[in-house]
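Asks: What follows is the file start-v6.txt, containing compact mmCIF, C-alpha atoms and all ligand atoms:
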# COMPACT_ATOMS: atom_id res chain seq x y z
CA MET Q 15 0.00 0.00 0.00
CA ARG Q 16 1.32 3.48 -0.77
CA PHE Q 17 0.41 6.71 0.96
CA GLU Q 18 0.30 10.12 -0.70
CA SER Q 19 3.57 10.89 1.02
CA GLY Q 20 5.00 8.21 -1.28
CA ARG Q 21 5.69 5.99 1.67
CA ARG Q 22 5.17 2.30 0.98
CA VAL Q 23 4.02 -0.13 3.63
CA LEU Q 24 3.14 -3.81 3.56
CA GLU Q 25 4.43 -4.07 0.02
CA GLY Q 26 5.06 -7.79 -0.01
CA LEU Q 27 2.62 -9.01 2.61
CA SER Q 28 0.73 -12.18 1.89
CA ALA Q 29 -0.99 -14.05 4.68
CA GLU Q 30 -4.09 -16.13 5.15
CA LEU Q 31 -5.64 -16.09 8.59
CA SER Q 32 -8.58 -17.96 10.07
CA THR Q 33 -11.37 -15.77 11.44
CA ARG Q 34 -11.98 -18.49 14.04
CA GLU Q 35 -8.58 -17.99 15.61
CA LEU Q 36 -6.83 -15.37 17.69
CA THR Q 37 -3.96 -14.15 15.56
CA PHE Q 38 -1.45 -11.85 17.21
CA VAL Q 39 0.28 -9.36 14.92
CA VAL Q 40 3.79 -8.42 15.96
CA GLY Q 41 6.27 -6.07 14.32
CA ALA Q 42 8.39 -3.00 14.90
CA SER Q 43 6.80 0.40 15.23
CA GLY Q 44 5.90 1.66 11.76
CA ALA Q 45 5.88 -1.86 10.29
CA GLY Q 46 2.28 -1.38 9.21
CA LYS Q 47 0.30 -3.25 11.86
CA SER Q 48 -2.36 -0.55 12.22
CA VAL Q 49 -2.46 -0.12 8.45
CA LEU Q 50 -3.09 -3.87 8.18
CA CYS Q 51 -6.15 -3.53 10.45
CA ARG Q 52 -7.42 -0.60 8.42
CA LEU Q 53 -6.91 -2.47 5.15
CA ALA Q 54 -8.79 -5.48 6.52
CA VAL Q 55 -11.97 -3.47 7.02
CA GLY Q 56 -11.65 -1.15 4.03
CA LEU Q 57 -10.69 2.04 5.89
CA VAL Q 58 -7.81 2.39 3.44
CA GLN Q 59 -7.44 0.93 -0.03
CA PRO Q 60 -4.41 -1.01 -1.21
CA GLU Q 61 -2.55 0.32 -4.19
CA ALA Q 62 -2.09 -3.22 -5.44
CA GLY Q 63 -3.07 -6.68 -4.36
CA ARG Q 64 -6.23 -7.96 -2.75
CA VAL Q 65 -7.83 -7.93 0.67
CA GLU Q 66 -10.40 -10.57 1.55
CA LEU Q 67 -12.54 -10.98 4.64
CA PHE Q 68 -15.40 -13.45 5.06
CA GLY Q 69 -14.78 -14.46 1.45
CA GLU Q 70 -15.45 -10.94 0.16
CA ARG Q 71 -13.08 -8.67 -1.72
CA VAL Q 72 -12.85 -5.84 0.82
CA ASP Q 73 -10.89 -3.68 -1.61
CA ARG Q 74 -13.82 -3.75 -4.04
CA LEU Q 75 -16.75 -3.33 -1.69
CA PRO Q 76 -18.87 -0.18 -1.90
CA GLU Q 77 -19.10 1.99 1.23
CA ARG Q 78 -22.48 0.61 2.27
CA ALA Q 79 -21.26 -2.96 2.23
CA LEU Q 80 -18.16 -1.86 4.12
CA ARG Q 81 -20.33 -0.48 6.92
CA THR Q 82 -21.96 -3.89 7.28
CA LEU Q 83 -18.56 -5.56 7.17
CA ARG Q 84 -17.33 -3.31 10.00
CA GLN Q 85 -20.25 -4.45 12.13
CA ARG Q 86 -19.33 -8.05 11.51
CA ALA Q 87 -15.68 -7.26 12.21
CA PRO Q 88 -15.35 -4.10 14.31
CA TYR Q 89 -11.93 -2.48 14.56
CA LEU Q 90 -10.94 -1.21 17.96
CA VAL Q 91 -8.46 1.55 17.26
CA GLN Q 92 -5.18 2.07 19.04
CA GLY Q 93 -5.73 4.67 21.79
CA PRO Q 94 -8.89 6.11 23.31
CA ALA Q 95 -12.17 5.29 21.62
CA LEU Q 96 -14.92 6.60 23.92
CA LEU Q 97 -16.97 9.78 24.05
CA ASP Q 98 -15.94 11.30 27.37
CA TRP Q 99 -19.16 13.27 27.87
CA ARG Q 100 -21.41 10.22 27.48
CA THR Q 101 -22.03 7.47 30.02
CA LEU Q 102 -20.72 3.99 29.32
CA ARG Q 103 -24.23 2.82 28.56
CA GLU Q 104 -24.64 5.62 26.00
CA ASN Q 105 -21.21 4.94 24.55
CA VAL Q 106 -22.11 1.30 23.96
CA ALA Q 107 -25.61 2.10 22.67
CA LEU Q 108 -24.25 4.66 20.19
CA ALA Q 109 -22.01 2.02 18.66
CA ALA Q 110 -25.05 -0.03 17.65
CA PRO Q 111 -28.05 2.15 16.83
CA GLY Q 112 -31.15 0.08 17.39
CA ALA Q 113 -29.56 -2.20 19.97
CA SER Q 114 -31.93 -3.03 22.84
CA ASP Q 115 -31.23 -2.03 26.45
CA ASP Q 116 -30.72 -5.72 27.15
CA ALA Q 117 -28.10 -6.02 24.42
CA VAL Q 118 -26.27 -2.98 25.80
CA ARG Q 119 -26.40 -4.40 29.33
CA GLU Q 120 -25.17 -7.77 28.07
CA ALA Q 121 -22.20 -6.16 26.33
CA LEU Q 122 -21.25 -4.29 29.51
CA THR Q 123 -21.65 -7.49 31.52
CA LEU Q 124 -19.34 -9.37 29.15
CA VAL Q 125 -16.55 -6.94 30.01
CA GLY Q 126 -17.32 -6.84 33.73
CA LEU Q 127 -18.79 -3.33 33.71
CA GLU Q 128 -22.45 -4.10 34.38
CA GLU Q 129 -22.36 -1.84 37.46
CA ALA Q 130 -20.70 1.07 35.67
CA GLY Q 131 -23.29 1.86 32.97
CA ASP Q 132 -24.06 5.29 34.45
CA ARG Q 133 -20.45 6.34 34.88
CA LEU Q 134 -18.57 8.63 32.54
CA PRO Q 135 -15.33 7.40 30.93
CA THR Q 136 -13.45 10.16 32.76
CA GLU Q 137 -14.42 8.53 36.05
CA LEU Q 138 -12.79 5.25 35.07
CA GLY Q 139 -9.28 3.94 34.96
CA PRO Q 140 -7.58 3.11 31.63
CA GLY Q 141 -8.33 -0.62 31.93
CA ALA Q 142 -12.05 -0.09 32.43
CA LYS Q 143 -12.05 2.36 29.51
CA LYS Q 144 -10.44 -0.23 27.29
CA ARG Q 145 -13.00 -2.82 28.39
CA ALA Q 146 -15.81 -0.35 27.68
CA ALA Q 147 -14.36 0.12 24.19
CA ILE Q 148 -14.45 -3.66 23.76
CA ALA Q 149 -18.11 -3.62 24.89
CA ARG Q 150 -18.78 -1.13 22.09
CA ALA Q 151 -17.53 -3.77 19.66
CA LEU Q 152 -19.28 -6.71 21.34
CA VAL Q 153 -22.70 -5.03 21.29
CA LEU Q 154 -22.57 -5.43 17.50
CA LYS Q 155 -22.56 -9.22 17.99
CA PRO Q 156 -19.51 -9.44 15.77
CA GLU Q 157 -18.05 -12.47 14.04
CA TYR Q 158 -14.49 -11.23 14.29
CA LEU Q 159 -12.64 -8.51 16.20
CA LEU Q 160 -9.68 -6.35 15.29
CA LEU Q 161 -7.93 -5.03 18.39
CA ASP Q 162 -5.05 -2.61 18.07
CA GLU Q 163 -2.80 -2.77 21.13
CA PRO Q 164 -5.54 -3.55 23.67
CA THR Q 165 -3.21 -3.61 26.70
CA THR Q 166 -0.65 -0.98 25.76
CA GLY Q 167 -0.24 1.61 28.49
CA LEU Q 168 -2.16 -0.41 31.06
CA ASP Q 169 -0.72 -1.46 34.40
CA ARG Q 170 -0.50 -5.14 35.27
CA ARG Q 171 -3.88 -5.28 36.96
CA ALA Q 172 -5.75 -3.45 34.21
CA ALA Q 173 -4.01 -5.56 31.55
CA ALA Q 174 -5.06 -8.71 33.41
CA GLN Q 175 -8.69 -7.54 33.33
CA VAL Q 176 -8.51 -6.94 29.58
CA GLU Q 177 -6.90 -10.35 29.22
CA GLY Q 178 -9.84 -11.87 31.12
CA VAL Q 179 -12.27 -10.25 28.70
CA LEU Q 180 -10.31 -11.50 25.68
CA ALA Q 181 -10.16 -14.99 27.18
CA SER Q 182 -13.94 -15.07 27.57
CA VAL Q 183 -14.40 -13.68 24.06
CA LYS Q 184 -12.20 -16.48 22.80
CA GLU Q 185 -14.14 -19.05 24.81
CA ARG Q 186 -17.28 -17.92 23.04
CA GLY Q 187 -15.64 -18.97 19.79
CA LEU Q 188 -14.92 -15.48 18.47
CA GLY Q 189 -11.71 -14.99 16.51
CA ALA Q 190 -9.65 -11.83 16.52
CA LEU Q 191 -6.69 -10.04 15.03
CA VAL Q 192 -4.79 -8.65 17.99
CA VAL Q 193 -1.94 -6.21 17.39
CA SER Q 194 0.16 -6.54 20.51
CA HIS Q 195 3.67 -6.76 21.90
CA ASP Q 196 2.26 -8.02 25.16
CA TYR Q 197 3.92 -11.43 25.07
CA ARG Q 198 2.30 -12.45 28.31
CA LEU Q 199 -1.06 -11.97 26.61
CA LEU Q 200 0.25 -13.61 23.44
CA ARG Q 201 1.53 -16.65 25.32
CA ARG Q 202 -1.81 -17.13 27.03
CA LEU Q 203 -4.22 -16.41 24.22
CA ALA Q 204 -2.68 -16.55 20.76
CA ASP Q 205 -3.55 -19.37 18.37
CA LYS Q 206 -1.20 -17.93 15.74
CA VAL Q 207 1.37 -15.20 15.46
CA LEU Q 208 1.95 -13.10 12.36
CA VAL Q 209 5.17 -11.12 12.25
CA VAL Q 210 5.22 -8.15 9.91
CA SER Q 211 8.69 -6.99 9.00
CA GLY Q 212 10.04 -5.03 6.06
CA GLY Q 213 6.54 -4.95 4.61
CA ARG Q 214 6.25 -8.71 4.32
CA SER Q 215 5.15 -11.58 6.52
CA ALA Q 216 8.33 -12.70 8.29
CA PHE Q 217 6.60 -15.43 10.25
CA LEU Q 218 3.18 -17.01 10.56
CA GLY Q 219 2.81 -19.89 12.96
CA GLU Q 220 2.38 -21.11 16.50
CA PRO Q 221 3.13 -18.77 19.40
CA GLU Q 222 5.51 -21.30 20.99
CA THR Q 223 7.53 -21.49 17.78
CA PHE Q 224 7.66 -17.71 17.55
CA LEU Q 225 8.74 -17.25 21.16
CA ALA Q 226 11.37 -19.99 20.98
CA SER Q 227 12.77 -19.02 17.58
CA SER Q 228 16.47 -18.34 17.24
CA GLU Q 229 15.90 -16.55 13.93
CA PRO Q 230 17.69 -13.18 14.42
CA GLU Q 231 14.79 -11.21 12.96
CA LEU Q 232 12.36 -12.79 15.42
CA ARG Q 233 14.81 -12.71 18.32
CA ALA Q 234 15.06 -8.95 17.88
CA LEU Q 235 11.33 -8.74 18.50
CA THR Q 236 11.04 -11.23 21.34
CA GLU Q 237 14.22 -10.73 23.36
CA PRO Q 238 13.56 -7.27 24.81
CA PHE Q 239 10.21 -8.51 26.12
CA MET Q 240 11.08 -11.99 27.32
CA GLU Q 241 11.15 -11.04 30.98
CA SER Q 242 7.61 -9.66 30.93
CA ALA Q 243 6.38 -12.77 29.12
CA THR Q 244 7.69 -15.26 31.61
CA ASP Q 245 7.05 -13.74 35.01
CA GLY Q 246 3.63 -13.48 36.59
N1 LIG C 1 -2.55 7.96 6.53
C1 LIG C 1 -1.24 7.83 6.39
N2 LIG C 1 -0.54 8.63 5.55
C2 LIG C 1 0.80 8.49 5.39
N3 LIG C 1 1.53 7.56 6.02
C3 LIG C 1 0.90 6.74 6.86
C4 LIG C 1 -0.52 6.82 7.10
N4 LIG C 1 -0.85 5.87 8.01
C5 LIG C 1 0.29 5.23 8.31
N5 LIG C 1 1.34 5.74 7.62
C6 LIG C 1 2.73 5.26 7.69
O1 LIG C 1 2.72 3.87 7.44
C7 LIG C 1 3.66 3.21 8.26
C8 LIG C 1 2.99 2.13 9.06
O2 LIG C 1 2.13 2.72 10.02
P1 LIG C 1 1.35 1.90 11.11
O3 LIG C 1 0.59 2.90 11.91
O4 LIG C 1 0.57 0.81 10.48
O5 LIG C 1 2.51 1.28 11.96
P2 LIG C 1 2.39 0.31 13.21
O6 LIG C 1 3.07 -0.96 12.85
O7 LIG C 1 0.97 0.22 13.64
O8 LIG C 1 3.28 1.09 14.29
P3 LIG C 1 3.05 1.28 15.88
O9 LIG C 1 3.61 0.06 16.54
O10 LIG C 1 3.86 2.49 16.20
O11 LIG C 1 1.59 1.48 16.14
C9 LIG C 1 4.28 4.30 9.13
O12 LIG C 1 5.50 4.66 8.57
C10 LIG C 1 3.31 5.43 9.06
O13 LIG C 1 3.95 6.66 9.21
MG MG C 2 -0.06 0.87 15.24
Just give me the structure as C-alpha cells.

Replies:
Amino acid sequence: MRFESGRRVLEGLSAELSTRELTFVVGASGAGKSVLCRLAVGLVQPEAGRVELFGERVDRLPERALRTLRQRAPYLVQGPALLDWRTLRENVALAAPGASDDAVREALTLVGLEEAGDRLPTELGPGAKKRAAIARALVLKPEYLLLDEPTTGLDRRAAAQVEGVLASVKERGLGALVVSHDYRLLRRLADKVLVVSGGRSAFLGEPETFLASSEPELRALTEPFMESATDG
C-alpha cells in the first residue's frame, strides 16, 4: 500500500488467517500493523493486491457494504475510543443504533462493567475504559474482532482484566486479530502469530515457535520482552 507521502508499507505481505482464531500481529513500530487492520476493514485501499474478509473482496466493496462488514468485524483503534461526555451505557448504545437495552447491558456485563453503565469514561481507569471500548464492539454481535494494542499503556492489573475479557471472548468462539507486543497476553491467548517486517510476513505460525525461535529477525522482537512474558 502506498500513501500520498509516497511511503510504501506492507508491500510484499501475503498471509491467510482464520477468522476463528486469535492471531497476534507483531512487528516494529511503523511496520504497518495498524495499516493492516485498516486495510482489513476497508478504511484504506491497497494500491495493489487484494484484501479478503469473510470471502469478500474488501478492496472492491462499496461503502455501504463496508459499513456492514465493519459491524461483523469491528476495529478497535489504538488509543482512546470513547466519548468522554457520554455514560458507558450511551457509549455502547451509540455504537449499535437500534440495539436493545438488554443487548447494551449484556455487552457491559461481558466486560465486567455491568455496574458502571451510568459512569462517565473520565471517572474510570484506563483498563475499564479499554473494556468499555471492547463492549462497544461486542454489542454489534460481531463475528471477528480487530484489536489494536488492547493492553498498551495499562498497568499489570488493568491488563489482566482486559486479558480476562479477551479470554472469555475467545471461549465464546470469536476470533480476533490482535496487534500486541504483550507477550504475556500472546503466550496465554494466541492461536497464531503473524510477524510483519520489512513490509512482508516474516513469520506465521504457533506462538511457541515464535517465542522460541532463534531466527535473528524474530529474536530482535522477542528478546527485549522476554522477561515480561515469563514472570507473573
Ligand atoms: N494515513 C497515512 N498517511 C501516510 N503515512 C501513513 C498513514 N498511516 C500510516 N502511515 C505510515 O505507514 C507506516 C505504518 O504505520 P502503522 O501505523 O501501520 O505502523 P504500526 O506498525 O501500527 O506502528 P506502531 O507500533 O507504532 O503502532 C508508518 O511509517 C506510518 O507513518
Ligand atoms: Mg499501530

Asks: Any residue with an atom at most 9 Å from ligand LIG 1 (chain C) counts, using all atoms listed in the file. Which are they? Put them as a ChimeraX atom specification.

Replies: /Q:15-24,40-52,58,92,162-163,193-195,210

Asks: Kindly save the residues from that selection, with C-alpha atoms included, as a PDB file, in the frame of the given file.

Replies:
ATOM      1  CA  MET Q  15       0.000   0.000   0.000  1.00  0.00           C
ATOM      2  CA  ARG Q  16       1.320   3.480  -0.770  1.00  0.00           C
ATOM      3  CA  PHE Q  17       0.410   6.710   0.960  1.00  0.00           C
ATOM      4  CA  GLU Q  18       0.300  10.120  -0.700  1.00  0.00           C
ATOM      5  CA  SER Q  19       3.570  10.890   1.020  1.00  0.00           C
ATOM      6  CA  GLY Q  20       5.000   8.210  -1.280  1.00  0.00           C
ATOM      7  CA  ARG Q  21       5.690   5.990   1.670  1.00  0.00           C
ATOM      8  CA  ARG Q  22       5.170   2.300   0.980  1.00  0.00           C
ATOM      9  CA  VAL Q  23       4.020  -0.130   3.630  1.00  0.00           C
ATOM     10  CA  LEU Q  24       3.140  -3.810   3.560  1.00  0.00           C
ATOM     11  CA  VAL Q  40       3.790  -8.420  15.960  1.00  0.00           C
ATOM     12  CA  GLY Q  41       6.270  -6.070  14.320  1.00  0.00           C
ATOM     13  CA  ALA Q  42       8.390  -3.000  14.900  1.00  0.00           C
ATOM     14  CA  SER Q  43       6.800   0.400  15.230  1.00  0.00           C
ATOM     15  CA  GLY Q  44       5.900   1.660  11.760  1.00  0.00           C
ATOM     16  CA  ALA Q  45       5.880  -1.860  10.290  1.00  0.00           C
ATOM     17  CA  GLY Q  46       2.280  -1.380   9.210  1.00  0.00           C
ATOM     18  CA  LYS Q  47       0.300  -3.250  11.860  1.00  0.00           C
ATOM     19  CA  SER Q  48      -2.360  -0.550  12.220  1.00  0.00           C
ATOM     20  CA  VAL Q  49      -2.460  -0.120   8.450  1.00  0.00           C
ATOM     21  CA  LEU Q  50      -3.090  -3.870   8.180  1.00  0.00           C
ATOM     22  CA  CYS Q  51      -6.150  -3.530  10.450  1.00  0.00           C
ATOM     23  CA  ARG Q  52      -7.420  -0.600   8.420  1.00  0.00           C
ATOM     24  CA  VAL Q  58      -7.810   2.390   3.440  1.00  0.00           C
ATOM     25  CA  GLN Q  92      -5.180   2.070  19.040  1.00  0.00           C
ATOM     26  CA  ASP Q 162      -5.050  -2.610  18.070  1.00  0.00           C
ATOM     27  CA  GLU Q 163      -2.800  -2.770  21.130  1.00  0.00           C
ATOM     28  CA  VAL Q 193      -1.940  -6.210  17.390  1.00  0.00           C
ATOM     29  CA  SER Q 194       0.160  -6.540  20.510  1.00  0.00           C
ATOM     30  CA  HIS Q 195       3.670  -6.760  21.900  1.00  0.00           C
ATOM     31  CA  VAL Q 210       5.220  -8.150   9.910  1.00  0.00           C
TER      32      VAL Q 210
END

Asks: Can you list, as a PDB file with C-alpha atoms, in the coordinates of the input, every protein, DNA or RNA residue that comes within 8 Å of Q:Val65 when you count all atoms listed in the file, leaving out same-chain residues fewer than 5 positions away?

Replies:
ATOM      1  CA  LEU Q  53      -6.910  -2.470   5.150  1.00  0.00           C
ATOM      2  CA  ALA Q  54      -8.790  -5.480   6.520  1.00  0.00           C
ATOM      3  CA  PRO Q  60      -4.410  -1.010  -1.210  1.00  0.00           C
ATOM      4  CA  ARG Q  71     -13.080  -8.670  -1.720  1.00  0.00           C
ATOM      5  CA  VAL Q  72     -12.850  -5.840   0.820  1.00  0.00           C
ATOM      6  CA  ASP Q  73     -10.890  -3.680  -1.610  1.00  0.00           C
TER       7      ASP Q  73
END

Asks: So which residues touch stretch 190-192 of chain Q within 9 Å, counting only C-alpha atoms, skipping near sequence neighbours fewer than 2 positions away, as a list of chain:residue names?

Replies: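 The residues satisfying every condition are Q:Leu31, Q:Ser32, Q:Thr33, Q:Arg34, Q:Glu35, Q:Leu36, Q:Thr37, Q:Phe38, Q:Val39, Q:Val40, Q:Cys51, Q:Ala87, Q:Glu157, Q:Tyr158, Q:Leu159, Q:Leu160, Q:Leu161, Q:Asp162, Q:Glu163, Q:Pro164, Q:Lys184, Q:Leu188, Q:Ser194, Q:Leu200, Q:Ala204.
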
Asks: Which residue out of Q:Thr166, Q:Thr136, Q:Gln175, Q:Gln59 has the minimum interatomic distance to ligand MG 2 (chain C) when all atoms listed in the file are used?

Replies: Q:Thr166

Asks: Report the distance between atom CA of Q:Val118 and atom CA of Q:Val179 in Å, rounded to one decimal place.

Replies: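 Answer for the atom CA of Q:Val118 to atom CA of Q:Val179 separation: 16.0 Å.
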
Asks: In Å, rounded to a single decimal, give me how far atom CA of Q:Ala146 is from atom CA of Q:Gly167.

Replies: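 Those two atoms sit 15.7 Å apart.
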
Asks: Which of these, Q:Val55, Q:Val91, Q:Leu80, Q:Leu134, has the shortest distance to Q:Arg103 once you count all atoms listed in the file?

Replies: Q:Leu134

Asks: What is the distance, in Å and to one decimal place, between atom CA of Q:Gly56 and atom CA of Q:Ala151?

Replies: 16.9 Å

Asks: Identify which of the residues Q:Val207, Q:Leu168, Q:Ala142, Q:Ala110 lies closest to Q:Thr223, counting only C-alpha atoms when measuring atom-to-atom distances.

Replies: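 Smallest separation from Q:Thr223 among the options: Q:Val207.
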
Asks: Excluding Q:Glu237 and its own-chain neighbours fewer than 6 positions away, which residues fall within 12 Å of it when counting only C-alpha atoms? Please give them as a list in words.

Replies: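 My list of contacting residues is His195, Tyr197, Phe224, Leu225, Ala226, Ser227, Ser228, Glu229, Pro230, Glu231, Ala243 and Thr244 of chain Q.
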
Asks: Using all atoms listed in the file, which residue out of Q:Leu122, Q:Ala62, Q:Leu90, Q:Leu138 lies closest to ligand MG 2 (chain C)?

Replies: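 Answer, going by the shortest atom-to-atom distance: Q:Leu90.
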
Asks: Out of Q:Trp99, Q:Leu232, Q:Lys206, Q:Glu61, which residue has the shortest atom-to-atom distance to Q:Glu220 when counting only C-alpha atoms?

Replies: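 Among the listed residues, the smallest separation from Q:Glu220 belongs to Q:Lys206.
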
Asks: Report as a VMD selection string all protein, DNA and RNA residues lying within 12 Å of Q:Arg145, evaluated on only C-alpha atoms, omitting residues in the same chain fewer than 4 positions from it.

Replies: chain Q and resid 90 94 to 96 102 105 to 106 121 to 128 130 135 138 to 141 149 to 152 161 164 to 165 168 172 to 180 183

Asks: May I ask you to restore N, CA and C atoms in stretch 48-61 of chain Q and write the result as a PDB file, in the frame of the given file?

Replies:
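Writing the result to selection-v4.pdb gives the following:
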ATOM      1  N   SER Q  48      -1.072  -1.271  12.202  1.00  0.00           N
ATOM      2  CA  SER Q  48      -2.360  -0.550  12.220  1.00  0.00           C
ATOM      3  C   SER Q  48      -2.911  -0.414  10.800  1.00  0.00           C
ATOM      4  N   VAL Q  49      -2.022  -0.196   9.849  1.00  0.00           N
ATOM      5  CA  VAL Q  49      -2.460  -0.120   8.450  1.00  0.00           C
ATOM      6  C   VAL Q  49      -3.098  -1.438   8.023  1.00  0.00           C
ATOM      7  N   LEU Q  50      -2.535  -2.543   8.494  1.00  0.00           N
ATOM      8  CA  LEU Q  50      -3.090  -3.870   8.180  1.00  0.00           C
ATOM      9  C   LEU Q  50      -4.540  -3.971   8.678  1.00  0.00           C
ATOM     10  N   CYS Q  51      -4.789  -3.513   9.902  1.00  0.00           N
ATOM     11  CA  CYS Q  51      -6.150  -3.530  10.450  1.00  0.00           C
ATOM     12  C   CYS Q  51      -7.084  -2.684   9.582  1.00  0.00           C
ATOM     13  N   ARG Q  52      -6.570  -1.502   9.197  1.00  0.00           N
ATOM     14  CA  ARG Q  52      -7.420  -0.600   8.420  1.00  0.00           C
ATOM     15  C   ARG Q  52      -7.682  -1.136   7.020  1.00  0.00           C
ATOM     16  N   LEU Q  53      -6.698  -1.815   6.454  1.00  0.00           N
ATOM     17  CA  LEU Q  53      -6.910  -2.470   5.150  1.00  0.00           C
ATOM     18  C   LEU Q  53      -7.971  -3.559   5.263  1.00  0.00           C
ATOM     19  N   ALA Q  54      -7.913  -4.304   6.362  1.00  0.00           N
ATOM     20  CA  ALA Q  54      -8.790  -5.480   6.520  1.00  0.00           C
ATOM     21  C   ALA Q  54     -10.259  -5.089   6.516  1.00  0.00           C
ATOM     22  N   VAL Q  55     -10.568  -3.880   6.977  1.00  0.00           N
ATOM     23  CA  VAL Q  55     -11.970  -3.470   7.020  1.00  0.00           C
ATOM     24  C   VAL Q  55     -12.270  -2.294   6.070  1.00  0.00           C
ATOM     25  N   GLY Q  56     -11.370  -2.107   5.107  1.00  0.00           N
ATOM     26  CA  GLY Q  56     -11.650  -1.150   4.030  1.00  0.00           C
ATOM     27  C   GLY Q  56     -11.582   0.315   4.434  1.00  0.00           C
ATOM     28  N   LEU Q  57     -10.844   0.632   5.500  1.00  0.00           N
ATOM     29  CA  LEU Q  57     -10.690   2.040   5.890  1.00  0.00           C
ATOM     30  C   LEU Q  57      -9.611   2.714   5.042  1.00  0.00           C
ATOM     31  N   VAL Q  58      -8.736   1.904   4.462  1.00  0.00           N
ATOM     32  CA  VAL Q  58      -7.810   2.390   3.440  1.00  0.00           C
ATOM     33  C   VAL Q  58      -7.799   1.359   2.321  1.00  0.00           C
ATOM     34  N   GLN Q  59      -7.452   1.818   1.135  1.00  0.00           N
ATOM     35  CA  GLN Q  59      -7.440   0.930  -0.030  1.00  0.00           C
ATOM     36  C   GLN Q  59      -6.011   0.589  -0.417  1.00  0.00           C
ATOM     37  N   PRO Q  60      -5.760  -0.660  -0.775  1.00  0.00           N
ATOM     38  CA  PRO Q  60      -4.410  -1.010  -1.210  1.00  0.00           C
ATOM     39  C   PRO Q  60      -4.153  -0.470  -2.618  1.00  0.00           C
ATOM     40  N   GLU Q  61      -2.896  -0.141  -2.852  1.00  0.00           N
ATOM     41  CA  GLU Q  61      -2.550   0.320  -4.190  1.00  0.00           C
ATOM     42  C   GLU Q  61      -2.531  -0.864  -5.162  1.00  0.00           C
TER      43      GLU Q  61
END
